[in-house]
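Structure record follows, encoded as structure tokens.
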Amino acid sequence: MMKGLGVSDGYGIGRVMLILDQKLDYTPREIADVDAEIARFHDAIDQFTKNTLEQADAVRKSTGDKEAEILEGHIAIIADPFMKGEIENLIKAHQCAETAVEQICQMFIDMFTATGDDLTMQRAADVKDIRDSLLAILLGVQEVKISDAPEGTVLVVRELTPSMTAGIKKENIVGIIAETGSQTSHSAILARAMEIPAVLSVPNALSQLSSGEQIIVDGFNGDVVTAPAQDTLDEYVAKRDTFLREKRELELYRGKPTVSASGETYELCCNIGTPKDAAKAMEKDGEGVGLFRTEFLFMDRTALPTEDEQFEAYKTAAVVLKGKPLIIRTLDIGGDKEIPYLGLEKEENPFMGFRAIRYCLKHRDMFKSQIKAILRASAFGDVRIMFPLITAVEELREGKALVEEAKSDLRASGIEFNENIPVGVMTETSASGVIADLLAKEADFFSIGTNDLTGYTMACDRGNSDVGYLYSPFQPSVLRLIKSIIENGVRAGIPVGMCGEAAANPMMVPLLISFGLTEFSVSAVSVLKVRKCIANWTKDEADKVAEKVMSMATEKEITDYLKTVI
């Protein structure tokens, strides 16, 4: 038995195919003909772009737009004038193209990794993928053909990269095991999108497993069962068949309202990162968008997006939703996210530094431009504004004042917008939980971001395996804050949603029903599962579970108990 992190639900039973890292060894050398070497580098970029566009097209057909855009983002990264220019500068200093590509890519990898932020660290994984692809082209190394994997294959890799997924035939791959990756990594996102059971962060998987051996992948619990006995195989075949049957039964909930067994109704929305994701949310039967992350508009470019560019993106999503709610989170970026053109300074502790609403309130022109774009989009749907990382009432007031300024500007220009657009708070810090009663008097809604709320409350980095045991939304302190936030919102008469990953956890659902949550926002693929889970609970049943949970003293006591009632 090997243990890792279960990131994509399901049970995979098959035979191992090891995908070993390519040998990209070369001898650094000085070159005499700089122009010829730069031309060689440009040819490699052209070939990389051609290959990546083909891969993105394959992924778009097999998996979807969002996953294809991960690959298309690689083209934007290598086309960035700064990165490209730095590589060319090294070549002009008579370094060979391989050395230049490796050194500059490594500089970006180190810079992104040092932030400790999941989103930014994922950029490091993107650059690694780009580096290896470019080196393979320059060295004439043929890339591994995952498309040749036979039916019933469990892929075992060091890291599942976006470029690998282009060759995956979903009907042939029954499981994925990787030595690296987290719940929020591209590896996890891609595995979930392909609906392939996956276990990541399995130490030394490539050296411990052998090609052709039979193996079981438990994407729920993060277990990898090696050399399974017949009774174990029979047990997992039964689990797999039950899971697949229940998955088919979820279709019974498509097109139905989200209602508990005792008749309480809820909004079941989706989290999205691009306008195209709004279409996927509707396709998966979401009832709106509870979190539209706007960072995508500011990344993979060399200058700020214009107000019109932002307006078109927000308007597109609003039109696709056809009157369903669209909560747009203002720019959640700062010292922990590397966007070169913003000129952000390196911080010792970026998670507690100059980011999100703090950064935006100090860059009022940029912030007002985004707010005006959101306001303009509100003429095309039920658009709402949400401020991230609010830790003090003053920040909410200052943000709302800027919204009023933006409204005045639009009125003066004769531009239509929703005068009564709701302005809410993403409650994702301990501070916002403690002052939820004060914030509720001035916010139109709350949305609980459990990922950061857990990290800030427990003072632990979810990317640090040494303190990973603390990172759980079922910690008593986190649950008490969640309960307080919801109860203060309900008391003030404002809706309270949850957009963190915990909203899709079946063990969390009865607690949220009991606490009084009104809106769940989850990934598009989780919509039907969460709707079914909500339908299984009455308010009285949920209250009894919550009462018992809130009397418990440890995370283990709580999760052990919840596993018995789900």
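Ligands are numbered from 1 in the order shown, chains are lettered A, B, ... in the order of the structure tokens, and residues start at 1 in each chain.
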Determine, counting only C-alpha atoms, which protein, DNA and RNA residues have an atom within 9 Å of an atom of A:Lys400; residues of the same chain fewer than 5 positions away are not included. Present the result as a count of residues only.
3
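Distance check against A:Leu344 using only C-alpha atoms: of A:Gln95, A:Arg329, A:Arg384, A:Tyr359, the minimum falls on A:Tyr359.
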Within 8 Å of A:Arg158 using only C-alpha atoms, minus same-chain residues under 5 positions, as an mmCIF file with N, CA and C atoms, in the first residue's frame:
```cif
data_model
loop_
_atom_site.group_PDB
_atom_site.id
_atom_site.type_symbol
_atom_site.label_atom_id
_atom_site.label_comp_id
_atom_site.auth_asym_id
_atom_site.auth_seq_id
_atom_site.Cartn_x
_atom_site.Cartn_y
_atom_site.Cartn_z
ATOM 1 N N ILE A 19 5.848 6.565 -17.018
ATOM 2 C CA ILE A 19 6.252 7.639 -17.932
ATOM 3 C C ILE A 19 7.472 8.314 -17.309
ATOM 4 N N LEU A 20 8.653 7.884 -17.747
ATOM 5 C CA LEU A 20 9.891 8.395 -17.173
ATOM 6 C C LEU A 20 10.248 9.741 -17.784
ATOM 7 N N ASP A 21 10.930 10.559 -17.009
ATOM 8 C CA ASP A 21 11.358 11.865 -17.521
ATOM 9 C C ASP A 21 12.272 11.679 -18.727
ATOM 10 N N ALA A 178 0.937 10.369 -9.538
ATOM 11 C CA ALA A 178 2.056 11.288 -9.754
ATOM 12 C C ALA A 178 2.825 11.478 -8.459
ATOM 13 N N GLU A 179 4.111 11.749 -8.601
ATOM 14 C CA GLU A 179 4.949 11.952 -7.419
ATOM 15 C C GLU A 179 4.769 13.335 -6.818
ATOM 16 N N THR A 180 4.250 14.273 -7.618
ATOM 17 C CA THR A 180 4.061 15.643 -7.145
ATOM 18 C C THR A 180 2.615 16.065 -7.368
ATOM 19 N N ALA A 205 7.080 7.082 -6.505
ATOM 20 C CA ALA A 205 6.185 6.154 -7.209
ATOM 21 C C ALA A 205 6.876 5.509 -8.411
ATOM 22 N N LEU A 206 7.667 6.289 -9.144
ATOM 23 C CA LEU A 206 8.303 5.755 -10.349
ATOM 24 C C LEU A 206 9.315 4.661 -10.036
#
```
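Note that the spacing between atom CA of A:Trp537 and atom CA of A:Val490 amounts to 20.1 Å.
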Just list the residues in stretch 339-430 of chain A DSSP gives strand (DSSP E or B) on the backbone, as a ChimeraX atom specification.
/A:355,383-387,423-427
Next, the residues of the selection above should be written as a CSV table (one decimal), in the first residue's frame with N, CA and C atoms.
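The result, written out as result-v7.csv:
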```
chain,number,residue,atom,x,y,z
A,355,ARG,N,-1.5,42.7,-0.7
A,355,ARG,CA,-2.2,42.0,-1.7
A,355,ARG,C,-3.7,42.2,-1.7
A,383,VAL,N,-25.3,40.9,-11.9
A,383,VAL,CA,-23.9,41.0,-11.6
A,383,VAL,C,-23.7,41.6,-10.2
A,384,ARG,N,-22.8,41.0,-9.4
A,384,ARG,CA,-22.5,41.5,-8.1
A,384,ARG,C,-21.0,41.6,-7.9
A,385,ILE,N,-20.6,42.5,-7.0
A,385,ILE,CA,-19.2,42.8,-6.8
A,385,ILE,C,-18.8,42.2,-5.4
A,386,MET,N,-17.6,41.5,-5.4
A,386,MET,CA,-17.1,41.0,-4.1
A,386,MET,C,-15.7,41.4,-3.9
A,387,PHE,N,-15.4,41.9,-2.7
A,387,PHE,CA,-14.0,42.3,-2.4
A,387,PHE,C,-13.3,41.2,-1.6
A,423,VAL,N,-22.8,44.7,-3.2
A,423,VAL,CA,-21.4,44.7,-3.0
A,423,VAL,C,-21.2,43.8,-1.7
A,424,GLY,N,-20.4,42.8,-1.9
A,424,GLY,CA,-20.2,41.8,-0.8
A,424,GLY,C,-18.7,41.6,-0.4
A,425,VAL,N,-18.6,40.8,0.6
A,425,VAL,CA,-17.2,40.5,1.2
A,425,VAL,C,-16.9,39.0,1.1
A,426,MET,N,-15.7,38.7,0.6
A,426,MET,CA,-15.2,37.3,0.7
A,426,MET,C,-14.6,37.2,2.1
A,427,THR,N,-15.2,36.4,2.9
A,427,THR,CA,-14.7,36.2,4.3
A,427,THR,C,-13.8,35.1,4.3
```
Among stretch 241-440 of chain A, which residues does DSSP mark as alpha helix (DSSP H) when it is run on the backbone? Keep the chain and numbering as in the structure and answer as an MDAnalysis selection string.
chainID A and resid 241:249 275:283 307:321 356:362 364:377 393:412 430:434 436:440
Between atom CA of A:Glu295 and atom CA of A:Ile196, distance in Å (one decimal):
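Between atom CA of A:Glu295 and atom CA of A:Ile196 the gap works out to 27.6 Å.
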Would you give me, as JSON lines, each residue of stretch 518-543 of chain A having an atom within 10 Å of an atom of stretch 493-508 of chain A, along with its shortest atom pair and that distance in Å to one decimal, using only C-alpha atoms and sorting by chain and residue number?
```
{"residue": "A:Thr518", "atom": "CA", "partner": "A:Val496", "partner_atom": "CA", "distance": 5.5}
{"residue": "A:Glu519", "atom": "CA", "partner": "A:Gly497", "partner_atom": "CA", "distance": 4.2}
{"residue": "A:Phe520", "atom": "CA", "partner": "A:Met498", "partner_atom": "CA", "distance": 5.3}
{"residue": "A:Ser521", "atom": "CA", "partner": "A:Cys499", "partner_atom": "CA", "distance": 4.6}
{"residue": "A:Val522", "atom": "CA", "partner": "A:Ala504", "partner_atom": "CA", "distance": 5.9}
{"residue": "A:Ser523", "atom": "CA", "partner": "A:Ala504", "partner_atom": "CA", "distance": 8.0}
{"residue": "A:Ser526", "atom": "CA", "partner": "A:Ala504", "partner_atom": "CA", "distance": 6.6}
{"residue": "A:Val527", "atom": "CA", "partner": "A:Ala504", "partner_atom": "CA", "distance": 8.2}
{"residue": "A:Lys529", "atom": "CA", "partner": "A:Ala504", "partner_atom": "CA", "distance": 8.0}
{"residue": "A:Val530", "atom": "CA", "partner": "A:Ala504", "partner_atom": "CA", "distance": 6.0}
{"residue": "A:Arg531", "atom": "CA", "partner": "A:Ala504", "partner_atom": "CA", "distance": 9.6}
{"residue": "A:Lys532", "atom": "CA", "partner": "A:Pro506", "partner_atom": "CA", "distance": 9.7}
{"residue": "A:Cys533", "atom": "CA", "partner": "A:Pro506", "partner_atom": "CA", "distance": 6.4}
{"residue": "A:Ile534", "atom": "CA", "partner": "A:Pro506", "partner_atom": "CA", "distance": 8.5}
```
Show me, as a PyMOL selection string, the residues that have an atom within 9 Å of A:Lys170 when counting only C-alpha atoms, minus same-chain residues fewer than 3 positions from it.
chain A and resi 62+173-174+194-196
Need to verify the contact set: A:Gly167, 10 Å, only C-alpha atoms, exclusion of same-chain residues closer than 3 positions in sequence. Can you return it as a list in words?
Gln55, Ala58, Val59, Ser62, Val144, Lys145, Ile146, Ser147, Asp148, Ala149, Pro162, Ser163, Met164 and Lys170 of chain A
Dump of C-alpha atoms for the selected residues, as a CSV table (one decimal), in the first residue's frame:
```
chain,number,residue,atom,x,y,z
A,55,GLN,CA,-2.2,19.7,-28.2
A,58,ALA,CA,-6.9,17.8,-28.9
A,59,VAL,CA,-7.5,18.7,-25.2
A,62,SER,CA,-11.5,15.6,-25.4
A,144,VAL,CA,6.7,10.2,-24.9
A,145,LYS,CA,3.6,8.9,-26.7
A,146,ILE,CA,0.9,8.5,-24.0
A,147,SER,CA,-1.6,8.0,-26.8
A,148,ASP,CA,-0.1,4.5,-27.3
A,149,ALA,CA,-1.3,3.5,-23.8
A,162,PRO,CA,-0.7,19.9,-19.3
A,163,SER,CA,1.2,18.9,-22.5
A,164,MET,CA,0.9,15.2,-21.4
A,170,LYS,CA,-9.8,8.8,-21.6
```
Residue nearest A:Pro203 - candidates A:Asp57, A:Val156, A:Glu171, A:Thr161, atoms counted: only C-alpha atoms
A:Val156
Test item: residues at most 12 Å from stretch 483-485 of chain A, only C-alpha atoms, excluding those fewer than 5 positions along its chain, as a PDB file with C-alpha atoms, in the first residue's frame:
```pdb
ATOM      1  CA  VAL A 425     -17.240  40.512   1.162  1.00  0.00           C
ATOM      2  CA  MET A 426     -15.218  37.344   0.715  1.00  0.00           C
ATOM      3  CA  THR A 427     -14.732  36.232   4.304  1.00  0.00           C
ATOM      4  CA  GLU A 428     -11.460  34.331   4.150  1.00  0.00           C
ATOM      5  CA  THR A 429      -9.506  35.557   7.173  1.00  0.00           C
ATOM      6  CA  SER A 430      -9.857  35.052  10.887  1.00  0.00           C
ATOM      7  CA  ALA A 431     -10.339  38.819  11.229  1.00  0.00           C
ATOM      8  CA  SER A 432     -13.357  38.846   8.928  1.00  0.00           C
ATOM      9  CA  GLY A 433     -14.853  35.988  10.927  1.00  0.00           C
ATOM     10  CA  VAL A 434     -14.364  37.737  14.252  1.00  0.00           C
ATOM     11  CA  ILE A 435     -15.945  40.996  13.001  1.00  0.00           C
ATOM     12  CA  ALA A 436     -18.594  39.339  10.839  1.00  0.00           C
ATOM     13  CA  ASP A 437     -21.312  41.105  12.845  1.00  0.00           C
ATOM     14  CA  LEU A 438     -19.796  44.501  11.964  1.00  0.00           C
ATOM     15  CA  LEU A 439     -19.192  43.640   8.313  1.00  0.00           C
ATOM     16  CA  ALA A 440     -22.727  42.270   7.959  1.00  0.00           C
ATOM     17  CA  PHE A 445     -23.637  39.461   1.122  1.00  0.00           C
ATOM     18  CA  PHE A 446     -20.864  37.190   2.398  1.00  0.00           C
ATOM     19  CA  SER A 447     -19.033  34.417   0.595  1.00  0.00           C
ATOM     20  CA  ILE A 448     -16.794  32.207   2.715  1.00  0.00           C
ATOM     21  CA  GLY A 449     -13.443  31.287   1.168  1.00  0.00           C
ATOM     22  CA  THR A 450     -12.552  28.180   3.168  1.00  0.00           C
ATOM     23  CA  LEU A 453      -9.793  30.845   5.988  1.00  0.00           C
ATOM     24  CA  PRO A 473     -11.829  22.935   7.389  1.00  0.00           C
ATOM     25  CA  PHE A 474     -13.016  20.461  10.020  1.00  0.00           C
ATOM     26  CA  PRO A 476     -12.908  23.071  15.532  1.00  0.00           C
ATOM     27  CA  SER A 477     -11.566  26.621  15.258  1.00  0.00           C
ATOM     28  CA  VAL A 478     -12.365  26.829  11.541  1.00  0.00           C
ATOM     29  CA  VAL A 490     -28.379  35.491   8.664  1.00  0.00           C
ATOM     30  CA  ARG A 491     -28.984  37.733  11.674  1.00  0.00           C
ATOM     31  CA  ALA A 492     -28.338  40.804   9.507  1.00  0.00           C
ATOM     32  CA  ILE A 494     -27.921  39.088   4.086  1.00  0.00           C
ATOM     33  CA  PRO A 495     -27.260  35.942   2.029  1.00  0.00           C
ATOM     34  CA  VAL A 496     -24.199  33.876   2.920  1.00  0.00           C
ATOM     35  CA  GLY A 497     -22.472  31.579   0.457  1.00  0.00           C
ATOM     36  CA  MET A 498     -19.373  29.432   0.449  1.00  0.00           C
ATOM     37  CA  MET A 508     -19.518  19.594   5.326  1.00  0.00           C
ATOM     38  CA  LEU A 511     -23.123  21.405   8.941  1.00  0.00           C
ATOM     39  CA  LEU A 512     -23.691  24.180   6.391  1.00  0.00           C
ATOM     40  CA  ILE A 513     -27.400  23.366   6.215  1.00  0.00           C
ATOM     41  CA  SER A 514     -27.610  23.564  10.000  1.00  0.00           C
ATOM     42  CA  PHE A 515     -25.591  26.788  10.240  1.00  0.00           C
ATOM     43  CA  GLY A 516     -27.900  28.508   7.723  1.00  0.00           C
ATOM     44  CA  LEU A 517     -25.807  28.807   4.546  1.00  0.00           C
ATOM     45  CA  ALA A 546     -24.001  19.851  13.842  1.00  0.00           C
ATOM     46  CA  GLU A 547     -24.781  19.925  17.560  1.00  0.00           C
ATOM     47  CA  VAL A 549     -19.836  18.042  15.895  1.00  0.00           C
ATOM     48  CA  MET A 550     -19.625  21.412  17.632  1.00  0.00           C
TER      49      MET A 550
END
```
Gap from atom CA of A:Gly10 to atom CA of A:Gly212 - Å, one decimal:
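Rounded to one decimal, the two atoms are 21.0 Å apart.
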What's the 10 Å shell around stretch 66-72 of chain A, counting only C-alpha atoms, without same-chain residues fewer than 4 positions away, as a ChimeraX atom specification?
/A:49,52-62,76-77,126,129-130,161-163,165-166,186,189-190,193-194,272-277,280
From the set A:Ala443, A:Ser133, A:Glu86, A:Lys372, which residue has the shortest atom-to-atom contact distance to A:Arg411, counting only C-alpha atoms?
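Closest residue, counting only C-alpha atoms: A:Lys372.
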Out of A:Pro388, A:Gly353, A:Gly181, A:Pro257, which residue has the shortest atom-to-atom distance to A:Ala535 when counting only C-alpha atoms?
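Using only C-alpha atoms, the shortest distance to A:Ala535 belongs to A:Pro257.
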I'd like to know which of A:Ile421, A:His363, A:Asp560, A:Asp332 is closest to A:Leu375, using only C-alpha atoms.
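Ranking A:Ile421, A:His363, A:Asp560, A:Asp332 by distance to A:Leu375, first place goes to A:Ile421.
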